[in-house]
>>> print(open('my_file.cif').read())   # mmCIF, C-alpha atoms and all ligand atoms
data_entry
#
loop_
_atom_site.label_atom_id
_atom_site.label_comp_id
_atom_site.auth_asym_id
_atom_site.auth_seq_id
_atom_site.Cartn_x
_atom_site.Cartn_y
_atom_site.Cartn_z
CA MET A 11 194.86 93.38 124.73
CA GLU A 12 197.73 91.56 123.04
CA ALA A 13 198.87 88.14 124.28
CA VAL A 14 202.00 89.24 126.20
CA ALA A 15 200.29 92.22 127.90
CA LEU A 16 197.33 90.04 128.84
CA ARG A 17 199.61 87.41 130.37
CA GLU A 18 201.47 90.04 132.39
CA ARG A 19 198.23 91.64 133.57
CA LEU A 20 197.04 88.22 134.81
CA ARG A 21 200.41 87.48 136.41
CA ALA A 22 200.12 90.72 138.40
CA GLU A 23 196.56 89.81 139.45
CA ALA A 24 197.62 86.28 140.49
CA LEU A 25 200.57 87.50 142.55
CA ALA A 26 198.38 90.16 144.19
CA MET A 27 195.96 87.38 145.17
CA GLY A 28 198.77 85.63 147.03
CA PHE A 29 199.98 83.06 144.52
CA ASP A 30 203.76 82.80 144.52
CA VAL A 31 204.42 81.79 140.92
CA PHE A 32 202.52 82.08 137.65
CA GLY A 33 203.09 80.79 134.13
CA VAL A 34 201.31 80.05 130.87
CA ALA A 35 201.52 76.89 128.78
CA PRO A 36 200.25 76.56 125.23
CA VAL A 37 196.97 74.69 124.98
CA HIS A 38 198.64 71.78 123.16
CA ALA A 39 201.54 71.64 125.62
CA ASP A 40 203.57 68.44 125.61
CA VAL A 41 202.45 66.71 128.82
CA ARG A 42 204.38 63.51 128.04
CA ALA A 43 201.20 61.66 127.16
CA ASP A 44 203.03 58.48 126.09
CA TYR A 45 204.86 58.31 129.40
CA PHE A 46 201.60 58.76 131.29
CA ARG A 47 199.84 56.03 129.30
CA GLN A 48 202.73 53.62 129.86
CA TRP A 49 202.75 54.40 133.59
CA ILE A 50 199.06 53.50 133.76
CA ALA A 51 199.56 50.40 131.55
CA ASP A 52 202.31 49.23 133.93
CA GLY A 53 199.87 49.52 136.84
CA MET A 54 202.14 51.94 138.69
CA HIS A 55 199.13 54.03 139.76
CA GLY A 56 198.09 51.24 142.17
CA ASP A 57 194.39 51.45 142.92
CA MET A 58 194.04 55.15 142.05
CA ASP A 59 191.59 54.09 139.34
CA TRP A 60 190.43 57.63 138.62
CA LEU A 61 193.84 58.34 137.07
CA ALA A 62 193.27 55.63 134.46
CA LYS A 63 189.91 57.05 133.39
CA ASN A 64 189.75 59.20 130.25
CA PRO A 65 193.49 59.50 129.53
CA GLU A 66 192.59 61.47 126.38
CA ARG A 67 190.98 64.18 128.48
CA ARG A 68 193.97 64.33 130.79
CA THR A 69 196.41 64.79 127.97
CA ASP A 70 194.40 67.16 125.74
CA ALA A 71 192.85 70.27 127.32
CA THR A 72 190.60 70.90 124.32
CA ARG A 73 188.67 67.72 125.15
CA VAL A 74 187.68 69.42 128.40
CA LEU A 75 187.20 72.95 127.07
CA PRO A 76 187.00 72.80 123.25
CA GLU A 77 187.61 76.54 122.80
CA ALA A 78 190.62 76.57 125.16
CA ARG A 79 193.59 78.56 123.86
CA SER A 80 195.93 78.72 126.86
CA ILE A 81 196.65 77.03 130.18
CA ILE A 82 197.59 79.02 133.26
CA VAL A 83 199.49 77.27 136.05
CA VAL A 84 199.96 78.93 139.44
CA GLY A 85 201.88 77.78 142.49
CA LEU A 86 201.41 78.53 146.17
CA ASN A 87 204.30 77.93 148.57
CA TYR A 88 203.39 75.77 151.57
CA TYR A 89 206.81 75.16 153.11
CA GLN A 90 206.84 74.64 156.88
CA PRO A 91 210.37 74.92 158.26
CA HIS A 92 209.39 73.73 161.74
CA PRO A 93 206.89 70.86 161.59
CA PRO A 94 205.79 69.21 164.87
CA ALA A 95 208.19 66.47 165.89
CA ALA A 96 206.15 63.79 167.74
CA TYR A 97 205.67 61.83 164.52
CA ARG A 98 205.57 62.78 160.88
CA ILE A 99 202.76 64.10 158.72
CA ALA A 100 203.59 65.33 155.23
CA LYS A 101 204.11 69.08 155.37
CA TYR A 102 201.35 69.80 152.89
CA ALA A 103 198.81 68.33 155.31
CA LEU A 104 199.85 70.03 158.57
CA GLY A 105 197.43 72.93 158.26
CA ALA A 106 194.28 73.92 156.38
CA ASP A 107 193.17 71.99 153.29
CA TYR A 108 194.90 73.53 150.27
CA HIS A 109 192.01 72.62 147.95
CA ASP A 110 189.81 75.22 149.63
CA VAL A 111 192.51 77.88 149.83
CA MET A 112 193.65 77.38 146.23
CA LEU A 113 190.25 76.99 144.62
CA ARG A 114 188.88 80.16 146.19
CA ARG A 115 191.79 82.14 144.75
CA LEU A 116 191.64 80.42 141.37
CA LYS A 117 187.96 81.29 141.08
CA LYS A 118 188.75 84.90 141.91
CA LEU A 119 191.33 84.94 139.10
CA CYS A 120 188.76 83.32 136.77
CA GLY A 121 186.39 86.16 137.68
CA VAL A 122 188.94 88.73 136.48
CA MET A 123 189.48 86.70 133.30
CA ARG A 124 185.74 86.63 132.66
CA THR A 125 185.69 90.43 132.61
CA LEU A 126 188.39 90.20 129.93
CA GLY A 127 186.17 87.99 127.76
CA GLY A 128 187.49 84.55 128.75
CA ASP A 129 185.72 81.33 129.56
CA GLN A 130 187.60 79.30 132.20
CA LYS A 131 187.84 75.97 134.02
CA PRO A 132 189.93 75.95 137.23
CA TYR A 133 191.40 72.81 138.81
CA VAL A 134 193.26 71.91 141.97
CA ASP A 135 194.51 68.35 142.13
CA THR A 136 191.30 66.56 141.21
CA GLY A 137 190.76 67.81 137.64
CA PRO A 138 191.41 66.02 134.36
CA VAL A 139 194.82 67.67 133.95
CA LEU A 140 198.43 66.62 134.50
CA GLU A 141 199.57 69.45 136.76
CA LYS A 142 203.27 68.72 137.00
CA PRO A 143 204.14 68.40 133.29
CA LEU A 144 201.87 71.36 132.63
CA ALA A 145 203.66 73.42 135.28
CA ALA A 146 206.97 72.58 133.59
CA GLU A 147 205.51 73.56 130.22
CA ALA A 148 204.31 76.83 131.77
CA GLY A 149 207.89 77.64 132.80
CA LEU A 150 207.35 77.29 136.56
CA GLY A 151 210.24 74.89 136.89
CA TRP A 152 211.07 71.34 135.85
CA GLN A 153 209.97 67.87 136.83
CA GLY A 154 212.76 66.38 138.92
CA LYS A 155 213.89 62.77 139.00
CA SER A 156 211.49 62.26 141.91
CA THR A 157 208.75 63.37 139.44
CA ILE A 158 207.90 66.35 141.66
CA LEU A 159 207.95 69.87 140.24
CA LEU A 160 211.02 71.88 141.24
CA GLN A 161 211.04 75.64 141.20
CA ARG A 162 214.23 77.64 141.61
CA GLY A 163 212.89 79.99 144.30
CA PHE A 164 210.62 77.66 146.28
CA GLY A 165 212.09 74.21 145.72
CA THR A 166 209.57 71.38 145.83
CA TRP A 167 207.01 72.98 148.17
CA LEU A 168 204.35 74.31 145.82
CA PHE A 169 200.67 73.56 145.54
CA LEU A 170 199.72 73.76 141.88
CA GLY A 171 196.53 75.12 140.37
CA VAL A 172 195.53 75.03 136.69
CA ILE A 173 193.13 77.21 134.69
CA LEU A 174 192.10 76.26 131.17
CA THR A 175 191.05 79.42 129.36
CA THR A 176 189.74 80.56 126.01
CA LEU A 177 191.93 83.69 126.28
CA GLU A 178 194.92 83.82 123.96
CA LEU A 179 197.95 84.29 126.22
CA GLU A 180 201.61 84.26 125.26
CA PRO A 181 203.26 81.08 126.66
CA SER A 182 205.99 81.64 129.26
CA ALA A 183 209.61 80.74 128.58
CA LYS A 184 210.42 77.21 129.69
CA GLU A 185 212.88 76.50 132.50
CA ALA A 186 215.96 74.33 131.93
CA HIS A 187 216.14 70.94 133.60
CA ARG A 188 218.46 71.33 136.57
CA CYS A 189 218.75 67.98 138.37
CA GLY A 190 222.12 67.34 136.75
CA THR A 191 223.89 64.28 138.13
CA CYS A 192 222.09 64.43 141.49
CA THR A 193 220.35 61.23 142.61
CA ARG A 194 219.60 62.13 146.22
CA CYS A 195 215.85 61.50 145.97
CA LEU A 196 216.37 58.04 144.48
CA ASP A 197 218.97 57.16 147.10
CA ALA A 198 216.91 58.45 150.05
CA CYS A 199 213.56 56.83 149.26
CA PRO A 200 212.91 54.33 152.07
CA THR A 201 211.05 51.90 149.81
CA ALA A 202 212.89 52.33 146.49
CA ALA A 203 209.66 53.66 144.98
CA ILE A 204 211.51 55.85 142.47
CA VAL A 205 212.32 52.82 140.38
CA ALA A 206 214.31 54.87 137.86
CA PRO A 207 214.78 58.61 137.33
CA TYR A 208 211.33 60.15 136.61
CA GLN A 209 209.57 56.84 137.33
CA LEU A 210 207.57 56.58 140.51
CA ASP A 211 205.90 53.28 141.33
CA ALA A 212 203.02 54.48 143.51
CA ARG A 213 202.49 50.94 144.80
CA ARG A 214 205.81 51.21 146.67
CA CYS A 215 205.43 54.85 147.72
CA LEU A 216 204.67 55.60 151.38
CA ALA A 217 202.64 58.66 150.41
CA TYR A 218 200.35 56.44 148.36
CA LEU A 219 200.33 53.58 150.87
CA THR A 220 199.45 55.79 153.85
CA ILE A 221 196.93 58.05 152.08
CA GLU A 222 195.37 56.62 148.91
CA HIS A 223 195.65 52.90 149.49
CA ASP A 224 192.64 51.39 151.20
CA GLY A 225 193.83 47.95 152.31
CA PRO A 226 196.49 46.69 154.69
CA ILE A 227 199.97 48.13 154.18
CA PRO A 228 202.05 45.31 152.66
CA GLU A 229 204.38 43.96 155.34
CA GLU A 230 207.60 44.73 153.44
CA PHE A 231 206.80 48.47 153.69
CA ARG A 232 205.81 48.64 157.36
CA ARG A 233 209.26 49.02 158.90
CA PRO A 234 210.46 51.46 156.22
CA LEU A 235 207.37 53.53 157.02
CA GLY A 236 209.07 54.53 160.30
CA ASP A 237 207.17 57.33 162.05
CA ARG A 238 205.18 58.60 159.05
CA VAL A 239 201.50 58.55 159.89
CA PHE A 240 200.35 60.47 156.81
CA GLY A 241 202.40 60.85 153.65
CA CYS A 242 206.14 61.06 153.15
CA ASP A 243 208.45 63.99 152.40
CA GLU A 244 211.73 62.11 152.24
CA CYS A 245 212.44 62.68 148.54
CA LEU A 246 211.56 66.36 149.00
CA ASP A 247 213.51 66.93 152.21
CA VAL A 248 216.75 65.72 150.62
CA CYS A 249 216.44 67.72 147.41
CA PRO A 250 219.29 70.26 147.24
CA TRP A 251 217.03 72.80 145.53
CA ASN A 252 215.14 73.13 148.81
CA ARG A 253 218.00 75.01 150.36
CA TRP A 254 216.30 78.10 148.93
CA ALA A 255 212.88 77.19 150.28
CA LYS A 256 211.10 79.92 152.23
CA ALA A 257 208.47 79.62 154.95
CA THR A 258 204.93 79.97 153.58
CA GLN A 259 203.21 83.32 154.00
CA GLU A 260 199.81 81.65 154.21
CA ALA A 261 198.71 81.63 157.86
CA ARG A 262 196.10 78.94 157.23
CA PHE A 263 198.85 76.44 156.42
CA ALA A 264 200.38 76.82 159.90
CA PRO A 265 200.72 73.40 161.57
CA ARG A 266 197.94 72.36 163.91
CA ALA A 267 198.79 70.48 167.11
CA LEU A 268 199.23 66.75 166.53
CA PRO A 269 197.08 64.48 168.70
CA ASP A 270 198.69 61.89 170.95
CA LEU A 271 198.99 58.83 168.73
CA ARG A 272 198.08 56.40 171.48
CA GLU A 273 194.91 58.33 172.28
CA THR A 274 193.79 58.26 168.66
CA LEU A 275 193.54 54.45 168.87
CA ALA A 276 190.53 54.94 171.17
CA TRP A 277 188.85 57.62 169.02
CA THR A 278 185.41 57.38 167.49
CA ASP A 279 184.79 58.44 163.88
CA GLU A 280 183.27 61.66 165.20
CA GLN A 281 186.36 62.48 167.26
CA PHE A 282 188.57 61.88 164.23
CA VAL A 283 186.48 64.15 162.00
CA GLU A 284 186.26 66.78 164.70
CA HIS A 285 190.03 66.88 165.15
CA PHE A 286 190.98 66.95 161.47
CA ARG A 287 188.11 69.04 160.14
CA GLY A 288 189.32 71.42 157.44
CA THR A 289 192.64 69.61 156.89
CA PRO A 290 193.70 67.13 154.16
CA VAL A 291 193.96 64.39 156.82
CA LYS A 292 190.18 64.29 157.30
CA ARG A 293 189.63 62.43 154.03
CA LEU A 294 191.74 59.54 155.32
CA GLY A 295 189.05 58.38 157.73
CA LEU A 296 189.60 56.81 161.15
CA ARG A 297 190.25 53.21 160.08
CA ARG A 298 193.12 54.15 157.76
CA TRP A 299 194.47 56.60 160.35
CA GLN A 300 194.48 53.77 162.91
CA ARG A 301 196.14 51.41 160.41
CA ASN A 302 198.92 53.96 159.95
CA ALA A 303 199.13 54.87 163.65
CA LEU A 304 199.47 51.20 164.59
CA THR A 305 202.27 50.77 162.07
CA VAL A 306 204.09 53.79 163.50
CA LEU A 307 203.62 52.58 167.07
CA GLY A 308 204.89 49.16 166.01
CA ASN A 309 208.02 50.92 164.77
CA THR A 310 208.57 53.57 167.43
CA GLY A 311 206.34 52.77 170.42
CA THR A 312 207.24 51.61 173.90
CA ALA A 313 205.74 49.12 176.36
CA ALA A 314 203.48 51.95 177.55
CA ASP A 315 201.70 51.79 174.18
CA LEU A 316 200.85 48.09 174.45
CA PRO A 317 197.47 48.46 176.24
CA ALA A 318 196.19 50.88 173.56
CA ILE A 319 197.45 48.60 170.78
CA ARG A 320 195.94 45.52 172.43
CA SER A 321 192.58 47.23 172.74
CA LEU A 322 192.32 46.99 168.93
CA LEU A 323 193.32 43.31 168.58
CA GLY A 324 189.67 42.31 168.31
CA HIS A 325 188.60 45.29 166.17
CA ALA A 326 185.62 44.62 163.89
CA ASP A 327 187.63 45.78 160.89
CA PRO A 328 190.06 42.95 160.00
CA MET A 329 192.59 45.44 158.60
CA VAL A 330 192.79 47.38 161.88
CA ALA A 331 192.89 44.15 163.92
CA GLU A 332 195.71 42.70 161.80
CA HIS A 333 197.76 45.88 162.05
CA ALA A 334 197.26 45.82 165.84
CA GLN A 335 198.59 42.24 165.90
CA TRP A 336 201.60 43.27 163.84
CA ALA A 337 202.31 46.30 166.06
CA GLU A 338 202.08 44.17 169.20
CA ARG A 339 204.45 41.57 167.73
CA GLU A 340 207.00 44.19 166.70
CA LEU A 341 206.89 45.98 170.03
CA VAL A 342 207.14 42.82 172.13
CA ALA A 343 210.02 41.55 169.96
CA ARG A 344 211.84 44.86 170.40
CA SER A 345 211.39 45.12 174.16
S1 LIG A 401 207.24 60.10 148.95
FE1 LIG A 401 208.63 58.83 150.20
S2 LIG A 401 208.19 56.71 149.61
FE2 LIG A 401 207.30 58.05 148.01
S3 LIG A 401 208.89 58.24 146.47
FE3 LIG A 401 209.22 59.96 147.88
S4 LIG A 401 210.67 59.19 149.39
FE4 LIG A 401 209.87 57.42 148.31
S1 LIG A 402 216.97 65.28 144.78
FE1 LIG A 402 218.32 65.72 143.04
S2 LIG A 402 217.62 64.34 141.41
FE2 LIG A 402 216.01 64.42 142.94
S3 LIG A 402 214.61 66.01 142.22
FE3 LIG A 402 216.08 67.01 143.62
S4 LIG A 402 217.73 67.74 142.29
FE4 LIG A 402 216.54 66.29 141.10
#
>>> encode(input="my_file.cif", output="C-alpha cells")
Amino acid sequence: MEAVALRERLRAEALAMGFDVFGVAPVHADVRADYFRQWIADGMHGDMDWLAKNPERRTDATRVLPEARSIIVVGLNYYQPHPPAAYRIAKYALGADYHDVMLRRLKKLCGVMRTLGGDQKPYVDTGPVLEKPLAAEAGLGWQGKSTILLQRGFGTWLFLGVILTTLELEPSAKEAHRCGTCTRCLDACPTAAIVAPYQLDARRCLAYLTIEHDGPIPEEFRRPLGDRVFGCDECLDVCPWNRWAKATQEARFAPRALPDLRETLAWTDEQFVEHFRGTPVKRLGLRRWQRNALTVLGNTGTAADLPAIRSLLGHADPMVAEHAQWAERELVARS
C-alpha cells in the first residue's frame, strides 16, 4: 500500500478505536532537541531525573527503533466541563488512569500495523519520546506559549500517545502556530512558572510541585497553590482555544467523588490506595497527598479543620509534620 493510503487506513482504524485525532511525523522530525538540552542544562526539569537520561534517545527515534520510518501521534480528548468543586484536582486525573486506557488502544492499533508488515513501539507519557513537539510535527496542532499542545478542535485537553513504526507513512501537513499576541497563560500562572513564552520552569510549576516533587513544597509557592491538591490547570483553563473544547466521550474519565479533605488526614496508606485505585492520583502516595491537603487546608480551611491538622503535628514524617505546622499557623493567623 502506498504511503498516503496506508496513513489514511491507519487514521480510520485509530478513529474507530476511539482516538480523537491522528497524525504522522517523519522519523527525523524536528523535536527542538537544542531547546530540550538547554532546558535540562538549566535544571528546569527539577528532580525529574529520568528526563535528563539518554537525551539522544529522546530526540532521535532511530536510537530506540533503528528501522523506524515514521512516527504516529494520536490524541484522546479528556475534557471534563463540570469537575467537582470542593477543591481542585487537575482534570486529567479526575477519572480512570489514562495510561491504561491509552496503552490498550495503542497496542490494538499496533496489532493492525503488524498485519500490515510493521514493527512498532507504543508509548504513553513514560517513553523515550518528546510527545508535544512530535505531536506538533505530526500536524495535530502547535505547542503554545504554555508549552502545552493546542489542537483547534479540542483545545489543550488531549492525552497523547506515540507509536514508532517501521512502516513508511506519508507525514501529515503541519498546523500553523496560532497563539498570536495572546499571553493569557503567562499572565494567569499563579507562580510565574512560564518564565518566558515556551519556557516552563518546572521547579516553579504547581503541577510539578504537587505531583512529581518529593520534598516539602517551598514556602513561597504554598499560598499561590490555593485549593489545588493535585496538579494545576490554570494555564489551560484560560487558553482561548479551549472555547471549542468538547466533553470527553470516554466514560472511564468521568470524575470520581472527591473524598473529604479533612478525613484524608486520618487515612492509612491502605485507605489512600483503596480510594484512588485505578486513577493517576494513586501514584502520589499518602504522604505527598497529605502534604498537599495540608497546604490547601492552610489556604482555605476553617477552625473546624484545626483538630485534623493538629493530629499530624507530631507525624513521623518530618515533611508532613512541617506542613501541618504551616497549615495551623496560616489558619490561626487568618481566624
Ligand atoms: S500548570 Fe499552573 S503553575 Fe504550572 S505553568 Fe500552568 S498555570 Fe503555572
Ligand atoms: S493562553 Fe494564549 S498564549 Fe497561552 S497557549 Fe493559549 S493561545 Fe497560546
>>> closest_residue(input="my_file.cif", among="A:Gly154, A:Gly128, A:Pro290, A:Gly311", to="ligand LIG 401 (chain A)", atoms="only C-alpha atoms and all ligand atoms")
A:Gly154
>>> closest_atom_pairs(input="my_file.cif", of="chain A", to="ligand LIG 401 (chain A)", cutoff="7 Å", atoms="all atoms listed in the file", output="JSON lines")
{"residue": "A:Ser156", "atom": "CA", "partner": "A:LIG401", "partner_atom": "S3", "distance": 6.6}
{"residue": "A:Cys195", "atom": "CA", "partner": "A:LIG401", "partner_atom": "S4", "distance": 6.6}
{"residue": "A:Ala198", "atom": "CA", "partner": "A:LIG401", "partner_atom": "S4", "distance": 6.3}
{"residue": "A:Cys199", "atom": "CA", "partner": "A:LIG401", "partner_atom": "S4", "distance": 3.7}
{"residue": "A:Pro200", "atom": "CA", "partner": "A:LIG401", "partner_atom": "FE4", "distance": 5.7}
{"residue": "A:Thr201", "atom": "CA", "partner": "A:LIG401", "partner_atom": "S2", "distance": 5.6}
{"residue": "A:Ala202", "atom": "CA", "partner": "A:LIG401", "partner_atom": "FE4", "distance": 6.2}
{"residue": "A:Ala203", "atom": "CA", "partner": "A:LIG401", "partner_atom": "S3", "distance": 4.9}
{"residue": "A:Ile204", "atom": "CA", "partner": "A:LIG401", "partner_atom": "S3", "distance": 5.3}
{"residue": "A:Leu210", "atom": "CA", "partner": "A:LIG401", "partner_atom": "S3", "distance": 6.3}
{"residue": "A:Arg214", "atom": "CA", "partner": "A:LIG401", "partner_atom": "S2", "distance": 6.7}
{"residue": "A:Cys215", "atom": "CA", "partner": "A:LIG401", "partner_atom": "FE2", "distance": 3.7}
{"residue": "A:Leu216", "atom": "CA", "partner": "A:LIG401", "partner_atom": "S2", "distance": 4.1}
{"residue": "A:Ala217", "atom": "CA", "partner": "A:LIG401", "partner_atom": "S1", "distance": 5.0}
{"residue": "A:Gly241", "atom": "CA", "partner": "A:LIG401", "partner_atom": "S1", "distance": 6.8}
{"residue": "A:Cys242", "atom": "CA", "partner": "A:LIG401", "partner_atom": "S1", "distance": 4.4}
{"residue": "A:Asp243", "atom": "CA", "partner": "A:LIG401", "partner_atom": "S1", "distance": 5.3}
{"residue": "A:Glu244", "atom": "CA", "partner": "A:LIG401", "partner_atom": "S4", "distance": 4.2}
{"residue": "A:Cys245", "atom": "CA", "partner": "A:LIG401", "partner_atom": "S4", "distance": 4.0}
{"residue": "A:Leu246", "atom": "CA", "partner": "A:LIG401", "partner_atom": "FE3", "distance": 6.9}
>>> atom_distance(input="my_file.cif", atom1="CA of Gly149 in chain A", atom2="CA of Gly33 in chain A")
5.9 Å
>>> closest_atom_pairs(input="my_file.cif", of="chain A", to="ligand LIG 402 (chain A)", cutoff="9 Å", atoms="all atoms listed in the file", output="Markdown table")
| residue | atom | partner | partner_atom | distance |
| --- | --- | --- | --- | --- |
| A:Gln153 | CA | A:LIG402 | S3 | 7.4 |
| A:Gly154 | CA | A:LIG402 | S3 | 3.8 |
| A:Lys155 | CA | A:LIG402 | S3 | 4.6 |
| A:Ser156 | CA | A:LIG402 | S3 | 4.9 |
| A:Thr157 | CA | A:LIG402 | S3 | 7.0 |
| A:Ile158 | CA | A:LIG402 | S3 | 6.7 |
| A:Leu159 | CA | A:LIG402 | S3 | 7.9 |
| A:Leu160 | CA | A:LIG402 | S3 | 7.0 |
| A:Gly165 | CA | A:LIG402 | FE3 | 8.5 |
| A:Thr166 | CA | A:LIG402 | FE3 | 8.1 |
| A:His187 | CA | A:LIG402 | FE4 | 8.8 |
| A:Arg188 | CA | A:LIG402 | S4 | 6.8 |
| A:Cys189 | CA | A:LIG402 | FE4 | 3.9 |
| A:Gly190 | CA | A:LIG402 | S4 | 7.1 |
| A:Thr191 | CA | A:LIG402 | S2 | 7.1 |
| A:Cys192 | CA | A:LIG402 | FE1 | 4.3 |
| A:Thr193 | CA | A:LIG402 | S2 | 4.3 |
| A:Arg194 | CA | A:LIG402 | S1 | 4.3 |
| A:Cys195 | CA | A:LIG402 | S1 | 4.1 |
| A:Leu196 | CA | A:LIG402 | FE2 | 6.6 |
| A:Asp197 | CA | A:LIG402 | S1 | 8.7 |
| A:Ala198 | CA | A:LIG402 | S1 | 8.6 |
| A:Pro207 | CA | A:LIG402 | S2 | 7.6 |
| A:Tyr208 | CA | A:LIG402 | S3 | 8.8 |
| A:Cys245 | CA | A:LIG402 | S1 | 6.4 |
| A:Leu246 | CA | A:LIG402 | S1 | 6.9 |
| A:Asp247 | CA | A:LIG402 | S1 | 8.4 |
| A:Val248 | CA | A:LIG402 | S1 | 5.9 |
| A:Cys249 | CA | A:LIG402 | S1 | 3.6 |
| A:Pro250 | CA | A:LIG402 | S4 | 5.8 |
| A:Trp251 | CA | A:LIG402 | S4 | 6.0 |
| A:Asn252 | CA | A:LIG402 | FE3 | 8.1 |
>>> closest_atom_pairs(input="my_file.cif", of="range 98-194 of chain A", to="range 79-85 of chain A", cutoff="7 Å", atoms="only C-alpha atoms", output="tab-separated table")
residue	atom	partner	partner_atom	distance
A:Ala145	CA	A:Val83	CA	5.7
A:Ala148	CA	A:Val83	CA	6.5
A:Leu168	CA	A:Gly85	CA	5.4
A:Phe169	CA	A:Gly85	CA	5.3
A:Leu170	CA	A:Gly85	CA	4.6
A:Gly171	CA	A:Val84	CA	5.2
A:Val172	CA	A:Val83	CA	4.6
A:Ile173	CA	A:Ile82	CA	5.0
A:Leu174	CA	A:Ile81	CA	4.7
A:Thr175	CA	A:Ser80	CA	5.5
A:Thr176	CA	A:Arg79	CA	4.8
A:Leu177	CA	A:Arg79	CA	5.9
A:Glu178	CA	A:Arg79	CA	5.4
A:Leu179	CA	A:Ser80	CA	6.0
>>> atom_distance(input="my_file.cif", atom1="CA of Pro132 in chain A", atom2="CA of Arg115 in chain A")
9.9 Å
>>> axis_aligned_box(input="my_file.cif", around="range 196-213 of chain A", padding_each_side="5 Å", output="AutoDock Vina command-line options")
--center_x 210.7 --center_y 55.5 --center_z 144.3 --size_x 26.5 --size_y 19.2 --size_z 25.5
>>> residues_around(input="my_file.cif", residues="Arg238 in chain A", least_positions_apart="5", cutoff="7 Å", atoms="only C-alpha atoms", output="PyMOL selection string")
chain A and resi 97-99+306
>>> write_last_selection(input="my_file.cif", atoms="C-alpha atoms", output="compact mmCIF listing (two decimals), in the coordinates of the input")
# COMPACT_ATOMS: atom_id res chain seq x y z
CA TYR A 97 205.67 61.83 164.52
CA ARG A 98 205.57 62.78 160.88
CA ILE A 99 202.76 64.10 158.72
CA VAL A 306 204.09 53.79 163.50
>>> residues_near_point(input="my_file.cif", point="(190.9, 82.7, 140.8)", cutoff="10 Å", atoms="all atoms listed in the file", output="VMD selection string")
chain A and resid 23 to 24 27 29 84 112 to 123 130 132 171 to 173
>>> closest_residue(input="my_file.cif", among="A:Ala334, A:Ala267, A:Ala26, A:Val283", to="Gln300 in chain A", atoms="all atoms listed in the file")
A:Ala334
>>> closest_residue(input="my_file.cif", among="A:Ala78, A:Ala318, A:Ile221, A:Ala331", to="Trp299 in chain A", atoms="only C-alpha atoms")
A:Ile221
>>> residues_around(input="my_file.cif", residues="Pro228 in chain A", least_positions_apart="2", cutoff="12 Å", atoms="only C-alpha atoms", output="list in words")
Thr201, Arg213, Arg214, Cys215, Leu216, Leu219, Thr220, His223, Asp224, Gly225, Pro226, Glu230, Phe231, Arg232, Arg233, Pro234, Leu235, Arg301, Asn302, Thr305, Met329, Glu332, His333 and Trp336 of chain A
>>> closest_residue(input="my_file.cif", among="A:Leu322, A:Trp167, A:Gly105, A:Arg298", to="Arg253 in chain A", atoms="only C-alpha atoms")
A:Trp167
>>> closest_residue(input="my_file.cif", among="A:Asp40, A:Asp30, A:Asp327, A:Glu338", to="Gln161 in chain A", atoms="only C-alpha atoms")
A:Asp30
>>> closest_residue(input="my_file.cif", among="A:Lys256, A:His109, A:Arg73, A:Arg344", to="Val37 in chain A", atoms="only C-alpha atoms")
A:Arg73
